[in-house]
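Next up, coords.cif (mmCIF, C-alpha atoms and all ligand atoms):
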data_input
loop_
_atom_site.label_atom_id
_atom_site.label_comp_id
_atom_site.auth_asym_id
_atom_site.auth_seq_id
_atom_site.Cartn_x
_atom_site.Cartn_y
_atom_site.Cartn_z
CA MET C 1 116.86 219.51 -88.51
CA THR C 2 115.43 217.24 -85.84
CA ILE C 3 111.72 216.59 -85.83
CA LYS C 4 110.04 216.62 -82.44
CA LYS C 5 108.09 213.49 -81.50
CA GLU C 6 104.78 215.35 -81.42
CA GLU C 7 105.47 216.80 -84.85
CA LEU C 8 106.26 213.34 -86.18
CA LEU C 9 102.98 211.99 -84.83
CA LEU C 10 101.14 214.81 -86.52
CA ARG C 11 102.80 213.99 -89.84
CA VAL C 12 101.90 210.29 -89.48
CA ASN C 13 98.29 211.30 -88.87
CA LEU C 14 98.31 213.23 -92.10
CA LEU C 15 99.17 210.08 -94.08
CA PHE C 16 95.85 208.51 -93.22
CA MET C 17 92.27 209.56 -93.44
CA VAL C 18 91.18 210.92 -90.07
CA ILE C 19 87.94 209.16 -89.20
CA LEU C 20 85.33 210.03 -86.59
CA ALA C 21 83.77 206.68 -85.59
CA ILE C 22 80.53 206.10 -83.69
CA ASP C 23 79.22 202.95 -82.00
CA THR C 24 75.81 202.73 -80.32
CA SER C 25 75.15 199.04 -80.89
CA CYS C 26 74.18 198.09 -77.35
CA ASP C 27 74.67 199.79 -74.00
CA GLU C 28 77.73 201.97 -74.62
CA THR C 29 77.63 205.31 -76.42
CA SER C 30 81.08 205.68 -77.91
CA ALA C 31 82.92 207.93 -80.34
CA ALA C 32 86.57 207.86 -81.43
CA VAL C 33 88.92 209.64 -83.78
CA VAL C 34 91.37 207.34 -85.56
CA ALA C 35 94.00 207.59 -88.27
CA GLY C 36 94.90 204.20 -89.74
CA ARG C 37 95.32 201.90 -86.73
CA ARG C 38 96.06 204.75 -84.31
CA VAL C 39 93.46 205.95 -81.86
CA LEU C 40 93.83 209.70 -81.48
CA ALA C 41 90.94 210.05 -79.03
CA ASN C 42 88.23 207.77 -77.68
CA VAL C 43 85.25 208.34 -75.37
CA ILE C 44 82.93 205.69 -73.98
CA TYR C 45 79.81 206.50 -71.99
CA SER C 46 78.66 203.27 -70.38
CA GLN C 47 75.01 202.76 -69.50
CA ILE C 48 75.81 199.86 -67.15
CA LEU C 49 74.44 201.64 -64.09
CA LEU C 50 71.11 202.23 -65.85
CA HIS C 51 70.63 198.54 -66.69
CA HIS C 52 72.26 197.02 -63.59
CA GLN C 53 69.10 196.46 -61.57
CA TRP C 54 67.20 194.87 -64.51
CA GLY C 55 69.70 192.04 -65.04
CA GLY C 56 70.09 192.89 -68.74
CA VAL C 57 69.90 195.69 -71.30
CA VAL C 58 66.44 197.35 -71.47
CA PRO C 59 65.98 198.60 -75.08
CA SER C 60 63.85 201.68 -74.26
CA ILE C 61 66.32 202.81 -71.58
CA ALA C 62 69.27 202.21 -73.96
CA LYS C 63 67.68 204.27 -76.75
CA LYS C 64 66.92 207.21 -74.47
CA ALA C 65 70.41 207.20 -72.95
CA HIS C 66 72.08 207.07 -76.40
CA GLU C 67 69.96 210.01 -77.54
CA GLU C 68 70.81 211.99 -74.43
CA LYS C 69 74.56 211.33 -74.56
CA ILE C 70 75.52 211.14 -78.22
CA ASP C 71 76.21 214.84 -78.75
CA TYR C 72 78.19 215.09 -75.53
CA VAL C 73 80.31 212.03 -76.43
CA ILE C 74 81.06 213.33 -79.94
CA ASN C 75 81.89 216.86 -78.75
CA GLU C 76 84.12 215.48 -76.02
CA VAL C 77 86.06 213.22 -78.40
CA LEU C 78 86.55 216.07 -80.88
CA ASP C 79 87.78 218.32 -78.06
CA ARG C 80 90.28 215.71 -76.92
CA PHE C 81 91.44 215.14 -80.49
CA LYS C 82 91.96 218.86 -80.94
CA ARG C 83 93.88 219.13 -77.67
CA ASN C 84 96.09 216.16 -78.61
CA ASN C 85 96.60 217.46 -82.11
CA LYS C 86 97.90 220.96 -81.52
CA GLY C 87 94.51 222.54 -82.09
CA LYS C 88 94.07 221.02 -85.56
CA ALA C 89 90.93 218.94 -85.81
CA LYS C 90 90.15 218.17 -89.42
CA ILE C 91 87.99 215.10 -89.90
CA ASP C 92 87.96 213.39 -93.33
CA ALA C 93 85.21 210.79 -92.91
CA VAL C 94 82.60 209.43 -90.52
CA ALA C 95 82.20 205.73 -89.65
CA VAL C 96 79.29 204.09 -87.89
CA THR C 97 78.21 200.64 -86.71
CA GLN C 98 75.39 199.37 -88.92
CA GLY C 99 74.77 196.11 -87.01
CA PRO C 100 74.48 193.65 -85.41
CA GLY C 101 72.97 195.10 -82.27
CA LEU C 102 69.87 196.52 -80.70
CA ALA C 103 67.74 198.16 -83.45
CA VAL C 104 66.67 201.19 -81.41
CA ALA C 105 70.24 201.75 -80.23
CA LEU C 106 71.89 201.36 -83.65
CA GLU C 107 69.42 203.87 -85.07
CA VAL C 108 70.71 206.67 -82.84
CA GLY C 109 74.32 206.36 -84.06
CA ILE C 110 73.35 205.95 -87.71
CA LYS C 111 71.08 209.01 -87.63
CA LYS C 112 73.85 211.12 -86.08
CA ALA C 113 76.50 209.84 -88.53
CA LYS C 114 74.30 210.68 -91.52
CA GLU C 115 73.56 214.11 -90.08
CA LEU C 116 77.29 214.87 -89.65
CA ALA C 117 78.21 213.48 -93.06
CA LYS C 118 75.60 215.69 -94.73
CA LYS C 119 76.32 218.81 -92.71
CA TYR C 120 80.09 218.70 -93.24
CA SER C 121 80.14 216.93 -96.66
CA LEU C 122 82.06 213.93 -95.33
CA ARG C 123 82.26 210.42 -96.74
CA LEU C 124 80.47 207.78 -94.65
CA ILE C 125 81.72 204.27 -93.90
CA SER C 126 79.41 201.61 -92.43
CA VAL C 127 81.00 198.95 -90.25
CA ASN C 128 79.88 195.57 -88.96
CA HIS C 129 80.29 195.62 -85.17
CA LEU C 130 81.89 192.15 -85.23
CA GLU C 131 84.43 193.39 -87.76
CA GLY C 132 85.39 195.97 -85.16
CA HIS C 133 85.92 193.27 -82.51
CA LEU C 134 88.06 191.28 -84.98
CA TYR C 135 90.36 194.28 -85.50
CA SER C 136 90.63 195.01 -81.75
CA PRO C 137 94.00 193.19 -81.24
CA PHE C 138 95.51 195.42 -83.94
CA VAL C 139 94.31 198.77 -82.63
CA GLN C 140 97.17 201.06 -81.60
CA ASN C 141 97.46 203.99 -79.24
CA ARG C 142 98.51 207.45 -80.41
CA GLN C 143 102.17 206.48 -80.36
CA GLY C 144 101.59 203.47 -82.62
CA ASN C 145 101.84 200.78 -79.92
CA PRO C 146 101.63 197.85 -79.93
CA ASN C 147 103.39 197.53 -83.24
CA ARG C 148 101.90 194.19 -84.33
CA ALA C 149 102.17 193.26 -87.98
CA PHE C 150 99.28 191.40 -89.56
CA SER C 151 100.01 187.78 -90.37
CA PHE C 152 96.88 186.25 -91.85
CA PRO C 153 95.02 183.96 -91.45
CA TYR C 154 93.89 184.10 -87.82
CA LEU C 155 91.46 181.83 -86.05
CA SER C 156 89.33 184.29 -84.07
CA LEU C 157 86.90 183.61 -81.28
CA ILE C 158 84.43 186.44 -80.62
CA VAL C 159 82.95 186.12 -77.14
CA SER C 160 80.62 188.89 -76.04
CA GLY C 161 77.17 189.46 -74.59
CA GLY C 162 75.59 188.99 -78.00
CA HIS C 163 77.97 186.68 -79.86
CA THR C 164 80.01 183.51 -79.69
CA GLU C 165 81.53 182.97 -83.10
CA LEU C 166 84.54 181.13 -84.44
CA VAL C 167 85.81 182.99 -87.46
CA ILE C 168 88.67 182.58 -89.90
CA PHE C 169 90.01 186.11 -90.31
CA GLN C 170 91.43 185.38 -93.77
CA ASP C 171 92.71 188.78 -94.82
CA HIS C 172 91.71 192.41 -94.44
CA LEU C 173 87.90 192.57 -94.58
CA LYS C 174 87.67 188.84 -95.42
CA TYR C 175 86.01 186.60 -92.86
CA LYS C 176 84.59 183.09 -92.80
CA VAL C 177 82.36 182.04 -89.90
CA ILE C 178 82.98 178.38 -89.04
CA GLY C 179 81.04 178.08 -85.78
CA SER C 180 78.37 180.00 -83.85
CA THR C 181 76.16 179.64 -80.84
CA LEU C 182 72.82 178.02 -81.55
CA ASP C 183 71.17 179.86 -78.66
CA ASP C 184 72.75 182.03 -75.92
CA ALA C 185 76.10 183.77 -76.30
CA ALA C 186 78.88 183.01 -73.77
CA GLY C 187 78.59 186.45 -72.10
CA GLU C 188 74.81 186.20 -72.12
CA ALA C 189 75.03 182.81 -70.35
CA LEU C 190 77.29 184.34 -67.68
CA ASP C 191 74.91 187.30 -67.32
CA LYS C 192 71.86 185.03 -66.98
CA ALA C 193 73.56 182.81 -64.41
CA GLY C 194 74.60 185.96 -62.55
CA LYS C 195 71.02 187.19 -62.58
CA LEU C 196 69.89 183.91 -60.96
CA LEU C 197 72.58 184.45 -58.31
CA GLY C 198 71.44 188.06 -57.80
CA LEU C 199 74.70 189.58 -59.08
CA GLY C 200 73.21 192.31 -61.31
CA TYR C 201 74.24 193.20 -64.88
CA PRO C 202 76.79 192.61 -66.35
CA ALA C 203 77.62 189.58 -64.26
CA GLY C 204 80.74 188.40 -66.14
CA PRO C 205 83.23 190.54 -64.16
CA VAL C 206 81.55 189.69 -60.81
CA ILE C 207 81.60 185.97 -61.58
CA GLU C 208 85.29 186.30 -62.47
CA LYS C 209 86.04 187.78 -59.01
CA LEU C 210 83.95 185.20 -57.12
CA ALA C 211 85.66 182.38 -59.03
CA ILE C 212 89.13 183.72 -58.17
CA LYS C 213 88.19 183.48 -54.47
CA VAL C 214 87.88 179.68 -54.83
CA LYS C 215 90.82 179.38 -57.25
CA ASN C 216 88.46 178.81 -60.21
CA LYS C 217 87.46 175.42 -58.82
CA ASP C 218 84.96 173.34 -60.79
CA TYR C 219 83.08 172.11 -57.73
CA TYR C 220 79.67 171.18 -59.19
CA HIS C 221 80.67 170.15 -62.71
CA PHE C 222 77.63 171.46 -64.58
CA PRO C 223 76.83 170.01 -68.04
CA ARG C 224 78.68 171.23 -71.14
CA PRO C 225 76.16 170.91 -73.98
CA MET C 226 77.60 170.03 -77.39
CA ILE C 227 81.16 169.98 -76.09
CA ASN C 228 81.85 166.74 -77.95
CA SER C 229 79.71 167.38 -81.03
CA GLU C 230 81.42 167.02 -84.38
CA ASP C 231 80.73 170.59 -85.52
CA LEU C 232 82.16 173.88 -84.24
CA ASN C 233 78.88 175.26 -82.89
CA PHE C 234 78.11 176.18 -79.30
CA SER C 235 75.02 175.90 -77.12
CA PHE C 236 74.68 177.39 -73.66
CA SER C 237 70.94 177.37 -72.97
CA GLY C 238 70.96 173.76 -71.67
CA LEU C 239 73.66 174.70 -69.18
CA LYS C 240 71.60 177.70 -68.06
CA THR C 241 68.50 175.49 -67.55
CA ALA C 242 70.50 172.88 -65.63
CA PHE C 243 71.88 175.67 -63.44
CA TYR C 244 68.38 177.07 -62.86
CA TYR C 245 67.00 173.71 -61.63
CA PHE C 246 70.09 173.05 -59.56
CA LEU C 247 69.66 176.38 -57.76
CA LYS C 248 65.94 175.78 -57.32
CA LYS C 249 66.64 172.64 -55.32
CA MET C 250 69.26 174.36 -53.18
CA PRO C 251 68.18 175.97 -49.90
CA GLU C 252 68.71 179.75 -49.85
CA GLU C 253 71.39 179.73 -47.13
CA GLN C 254 73.36 177.02 -48.98
CA ARG C 255 73.21 179.10 -52.14
CA ILE C 256 74.56 182.16 -50.36
CA LYS C 257 77.25 180.15 -48.59
CA ASN C 258 78.41 178.51 -51.80
CA ILE C 259 77.99 181.44 -54.17
CA SER C 260 81.67 181.52 -55.18
CA PHE C 261 81.71 177.78 -55.95
CA LEU C 262 78.49 178.13 -57.96
CA ALA C 263 79.86 181.06 -59.96
CA SER C 264 83.21 179.36 -60.50
CA SER C 265 81.67 176.06 -61.63
CA PHE C 266 79.34 177.82 -64.06
CA GLN C 267 82.19 179.88 -65.48
CA GLU C 268 84.30 176.75 -65.90
CA ALA C 269 81.51 175.00 -67.84
CA VAL C 270 81.36 177.94 -70.27
CA PHE C 271 85.12 178.40 -70.58
CA GLU C 272 85.93 174.71 -71.01
CA THR C 273 83.45 174.63 -73.89
CA LEU C 274 85.11 177.68 -75.50
CA VAL C 275 88.58 176.14 -75.19
CA LYS C 276 87.56 172.69 -76.46
CA LYS C 277 85.74 174.06 -79.50
CA THR C 278 88.65 176.36 -80.33
CA ALA C 279 91.02 173.36 -80.06
CA LYS C 280 88.78 171.48 -82.47
CA ALA C 281 88.85 174.47 -84.83
CA ILE C 282 92.67 174.56 -84.69
CA GLU C 283 92.75 170.89 -85.60
CA THR C 284 90.22 171.27 -88.43
CA THR C 285 91.70 174.39 -89.99
CA GLY C 286 95.38 173.95 -89.12
CA ILE C 287 95.47 177.64 -88.11
CA LYS C 288 97.46 178.17 -84.90
CA LYS C 289 97.39 181.93 -84.67
CA ILE C 290 94.42 182.66 -82.45
CA THR C 291 92.72 185.90 -81.46
CA LEU C 292 90.28 186.10 -78.55
CA VAL C 293 88.08 189.19 -78.70
CA GLY C 294 84.85 190.66 -77.24
CA GLY C 295 83.72 191.58 -73.73
CA VAL C 296 84.41 188.15 -72.20
CA ALA C 297 88.03 188.38 -73.44
CA ALA C 298 88.60 190.79 -70.52
CA ASN C 299 88.55 187.73 -68.23
CA LEU C 300 92.08 186.97 -67.01
CA TYR C 301 91.35 183.30 -66.32
CA LEU C 302 90.00 182.80 -69.85
CA LYS C 303 93.08 184.54 -71.25
CA LYS C 304 95.28 182.17 -69.26
CA LYS C 305 93.41 179.18 -70.67
CA PHE C 306 93.89 180.51 -74.20
CA ARG C 307 97.61 181.06 -73.62
CA GLU C 308 97.83 177.42 -72.51
CA LEU C 309 95.87 176.34 -75.56
CA ALA C 310 98.20 178.23 -77.89
CA ARG C 311 101.23 176.73 -76.16
CA LYS C 312 99.80 173.22 -76.53
CA TYR C 313 99.56 173.68 -80.30
CA GLN C 314 102.80 175.69 -80.54
CA GLY C 315 100.82 178.62 -81.80
CA GLU C 316 100.18 182.10 -80.45
CA VAL C 317 97.24 184.06 -79.14
CA LEU C 318 96.47 187.76 -79.37
CA PHE C 319 93.98 189.67 -77.22
CA PRO C 320 92.55 193.19 -77.68
CA SER C 321 95.59 195.45 -77.39
CA PHE C 322 94.20 197.43 -74.43
CA LYS C 323 91.56 196.41 -71.90
CA TYR C 324 89.01 199.00 -73.02
CA LEU C 325 89.07 197.37 -76.46
CA SER C 326 87.49 194.09 -75.25
CA GLY C 327 84.17 195.75 -74.46
CA ASP C 328 82.25 197.86 -76.93
CA ASN C 329 84.03 200.97 -78.19
CA ALA C 330 84.16 203.15 -81.28
CA ALA C 331 87.97 202.93 -81.62
CA MET C 332 87.84 199.41 -83.07
CA ILE C 333 85.02 200.51 -85.39
CA GLY C 334 87.20 203.36 -86.63
CA VAL C 335 90.17 201.08 -87.27
CA ALA C 336 88.04 198.59 -89.24
CA ALA C 337 86.67 201.62 -91.13
CA SER C 338 90.21 202.73 -92.03
CA PHE C 339 90.75 199.46 -93.87
CA LYS C 340 87.39 199.86 -95.61
CA ALA C 341 88.31 203.42 -96.63
CA LYS C 342 91.63 202.19 -97.98
CA ASN C 343 89.68 199.82 -100.19
CA ASN C 344 87.25 202.54 -101.20
CA PHE C 345 84.23 201.02 -99.42
CA PHE C 346 82.11 204.06 -98.74
CA VAL C 347 78.34 204.38 -98.39
CA GLU C 348 77.11 205.43 -101.83
CA ASN C 349 73.74 206.79 -100.86
CA LEU C 350 73.48 208.28 -97.37
CA ASP C 351 69.68 208.10 -97.23
CA SER C 352 69.59 204.40 -97.98
CA LEU C 353 71.84 203.41 -95.06
CA ASP C 354 69.73 201.58 -92.49
CA ARG C 355 70.46 199.55 -89.36
CA ILE C 356 70.77 195.75 -89.69
CA PRO C 357 70.14 194.33 -86.17
CA ARG C 358 71.00 190.77 -87.24
CA MET C 359 73.84 191.68 -89.56
CA LYS C 360 76.20 188.78 -90.36
CA LEU C 361 79.92 188.95 -90.96
O1 LIG H 401 81.60 193.11 -76.14
P1 LIG H 401 80.67 193.53 -75.05
O2 LIG H 401 81.04 194.72 -74.22
O3 LIG H 401 79.24 193.80 -75.61
C1 LIG H 401 78.62 193.06 -76.60
O4 LIG H 401 78.90 193.33 -77.81
O5 LIG H 401 77.87 192.14 -76.21
O6 LIG H 401 80.47 192.25 -74.09
C2 LIG H 401 79.71 192.32 -72.91
C3 LIG H 401 79.76 190.95 -72.23
C4 LIG H 401 78.80 190.82 -71.06
O7 LIG H 401 78.10 189.61 -71.18
C5 LIG H 401 79.74 190.79 -69.84
O8 LIG H 401 79.22 190.03 -68.75
C6 LIG H 401 80.96 190.14 -70.42
O9 LIG H 401 81.08 190.70 -71.72
N1 LIG H 401 82.18 190.46 -69.65
C7 LIG H 401 82.91 189.55 -68.98
C8 LIG H 401 83.95 190.24 -68.34
N2 LIG H 401 83.82 191.57 -68.64
C9 LIG H 401 82.73 191.68 -69.45
N3 LIG H 401 82.77 188.21 -68.89
C10 LIG H 401 83.66 187.55 -68.14
N4 LIG H 401 84.68 188.15 -67.49
C11 LIG H 401 84.87 189.49 -67.56
N5 LIG H 401 85.89 190.07 -66.90
ZN ZN H 402 80.45 194.04 -78.90
#
Can you present the structure in this file as structure tokens?
Amino acid sequence: MTIKKEELLLRVNLLFMVILAIDTSCDETSAAVVAGRRVLANVIYSQILLHHQWGGVVPSIAKKAHEEKIDYVINEVLDRFKRNNKGKAKIDAVAVTQGPGLAVALEVGIKKAKELAKKYSLRLISVNHLEGHLYSPFVQNRQGNPNRAFSFPYLSLIVSGGHTELVIFQDHLKYKVIGSTLDDAAGEALDKAGKLLGLGYPAGPVIEKLAIKVKNKDYYHFPRPMINSEDLNFSFSGLKTAFYYFLKKMPEEQRIKNISFLASSFQEAVFETLVKKTAKAIETTGIKKITLVGGVAANLYLKKKFRELARKYQGEVLFPSFKYLSGDNAAMIGVAASFKAKNNFFVENLDSLDRIPRMKL
């Protein structure tokens, strides 16, 4: 008897716990259904338009939007899962981001996850948001693609709006942070520079486009704080201040005329720092398998630089398996949760689970 492809997929799904994952750590309300590394359904409601004019995420607006959208996002993802799964929609566990993130935003997801776990007697898994980003290159679609095997250890660089961290991803659920930003995160620096240029929030993708117009030229050569320091830490606030005073001295019409060169030069200062510190980390640890994850990893120019870096050291680099996995999403949270479930890491006492806004890896 031949088994139809859809039937086979269904059987694979039955091998794993089917997890409903929720992420409300910042400005995306997201829910996903995963089985092992496979994403069976994923929904992301982005609040970008609500924060755009303010040049950054406004906590009170984020909280309200999460509260308004969470039920819709969860119902929608369950509907899609059911449609994709021949009408069967049994969920075995709930997973939720516990931190790091915006306290008032995290709270919304945690409250909902507890509510669902209690109502339907489901096990609950708490996940560190950064853990989710680290698993993002290994997340698969419904068909099980890409079929990447794990080959630990990895040297991972997390670059997002809230984080810039160099991590040794030693094994499943085992991480060692070897470098962090001392002040602003890489994405935050891009967003702040973009705000000074009047580009709105988030500025990273706009800066990327402006820089492409001038072939990513480093015209102004802004400072790269700590680029040659002995450690693996980052600092971007000095660059931001230098950029601020540079713009202040520049007449308005010059600023408008040269906006692409300004954006490109700022981006280059950030990216060169990321590449140099990662090179230093490769030399210190001897690990040549790199992963680049987080919102800034959506940048094609940065990806190119990391491919070159990997080639230079005869290593390899992995990026989030699909573009939607670089930004915030519940799919990566669900996949990290699958590995926690496999190791029996469940929340023991539902009532005691609380958000940890500054949660470490
Ligand atoms: O991972 P993410 O969605 O949220 C956090 O956990 O912070 O990252 C958002 C950050 C923002 O700073 C945004 O400007 C940046 O990622 N970003 C980009 C690009 N797309 C998003 N930065 C550079 N180039 C991009 N294409
Ligand atoms: Zn994130």
Query raised in the report: From the set C:Val214, C:Ile178, C:Ala242, C:Leu197, which residue has the shortest atom-to-atom contact distance to Gln254 in chain C, counting only C-alpha atoms?
Result: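 Comparing C:Val214, C:Ile178, C:Ala242, C:Leu197 against Gln254 in chain C, the winner is C:Leu197.
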Ligand LIG 401 (chain H): which residues are within 6 Å, counting all atoms listed in the file, as an mmCIF file with C-alpha atoms, keeping the file's coordinate frame?
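Done, and the output landed in selection.cif:
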data_model
loop_
_atom_site.group_PDB
_atom_site.id
_atom_site.type_symbol
_atom_site.label_atom_id
_atom_site.label_comp_id
_atom_site.auth_asym_id
_atom_site.auth_seq_id
_atom_site.Cartn_x
_atom_site.Cartn_y
_atom_site.Cartn_z
ATOM 1 C CA SER C 160 80.620 188.890 -76.040
ATOM 2 C CA GLY C 161 77.170 189.460 -74.590
ATOM 3 C CA GLY C 162 75.590 188.990 -78.000
ATOM 4 C CA GLY C 187 78.590 186.450 -72.100
ATOM 5 C CA GLU C 188 74.810 186.200 -72.120
ATOM 6 C CA ASP C 191 74.910 187.300 -67.320
ATOM 7 C CA PRO C 202 76.790 192.610 -66.350
ATOM 8 C CA ALA C 203 77.620 189.580 -64.260
ATOM 9 C CA GLY C 204 80.740 188.400 -66.140
ATOM 10 C CA PRO C 205 83.230 190.540 -64.160
ATOM 11 C CA GLU C 208 85.290 186.300 -62.470
ATOM 12 C CA GLY C 294 84.850 190.660 -77.240
ATOM 13 C CA GLY C 295 83.720 191.580 -73.730
ATOM 14 C CA VAL C 296 84.410 188.150 -72.200
ATOM 15 C CA ALA C 298 88.600 190.790 -70.520
ATOM 16 C CA ASN C 299 88.550 187.730 -68.230
ATOM 17 C CA GLY C 327 84.170 195.750 -74.460
ATOM 18 C CA ASP C 328 82.250 197.860 -76.930
#
Query raised in the report: Do you know which residues are at most 12 Å from Glu68 in chain C counting only C-alpha atoms, after dropping those on the same chain fewer than 3 positions away, and could you put them as a list of chain:residue names?
Result: C:Thr29, C:Tyr45, C:Gln47, C:Ile61, C:Ala62, C:Lys63, C:Lys64, C:Ala65, C:Asp71, C:Tyr72, C:Val73, C:Ile74, C:Ala105, C:Val108, C:Gly109
Report task. Pick out the residues no farther than 12 Å from ligand ZN 402 (chain H), counting all atoms listed in the file, and list them as a ChimeraX atom specification. Result -> /C:23-30,97,99-102,128-136,158-165,185,187-188,293-297,324-333
Requested in this report: Counting all atoms listed in the file, figure out which residue out of C:Lys249, C:Leu318, C:Tyr313, C:Pro357 gets nearest to Arg148 in chain C.
Outcome: C:Leu318
Report task. Choose the residue, out of C:Tyr244, C:Ser237, C:Leu155, C:Tyr175, that has the smallest atom-to-atom separation from Glu316 in chain C; count all atoms listed in the file. Result -> C:Leu155
Query raised in the report: Using all atoms listed in the file, which residue out of C:Lys174, C:Gly198, C:Lys90, C:His221 lies closest to Glu252 in chain C?
Result: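 Of all the options, C:Gly198 lies closest to Glu252 in chain C.
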Query raised in the report: Counting all atoms listed in the file, which of C:Asp351, C:Lys323, C:Phe169, C:Phe152 gets nearest to Leu300 in chain C?
Result: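 Checking each candidate against Leu300 in chain C, we get C:Lys323 as the closest.
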Requested in this report: Give as a VMD selection string the set of residues within 10 Å of the point (84.8, 179.3, -94.0), where distances use the file's coordinates and only C-alpha atoms.
Outcome: chain C and resid 166 to 170 175 to 179 285
Query raised in the report: When distances are computed from all atoms listed in the file, which of C:Ser352, C:Asn216, C:Ser235, C:Gln140 shows the smallest separation from Lys305 in chain C?
Result: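 Among the listed residues, C:Asn216 lies closest to Lys305 in chain C.
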**Report entry** Interatomic distance, CA of Glu283 in chain C to CA of Glu308 in chain C (Å, one decimal)
**Finding:**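 Here the two named atoms are 15.5 Å from each other.
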Report task. Could you please determine the separation between CA of Trp54 in chain C and CA of Tyr245 in chain C in Å, to one decimal place? Result ->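 We find that CA of Trp54 in chain C and CA of Tyr245 in chain C lie 21.4 Å from each other.
Here CA of Lys118 in chain C stands at a distance of 18.0 Å from CA of Ala89 in chain C.
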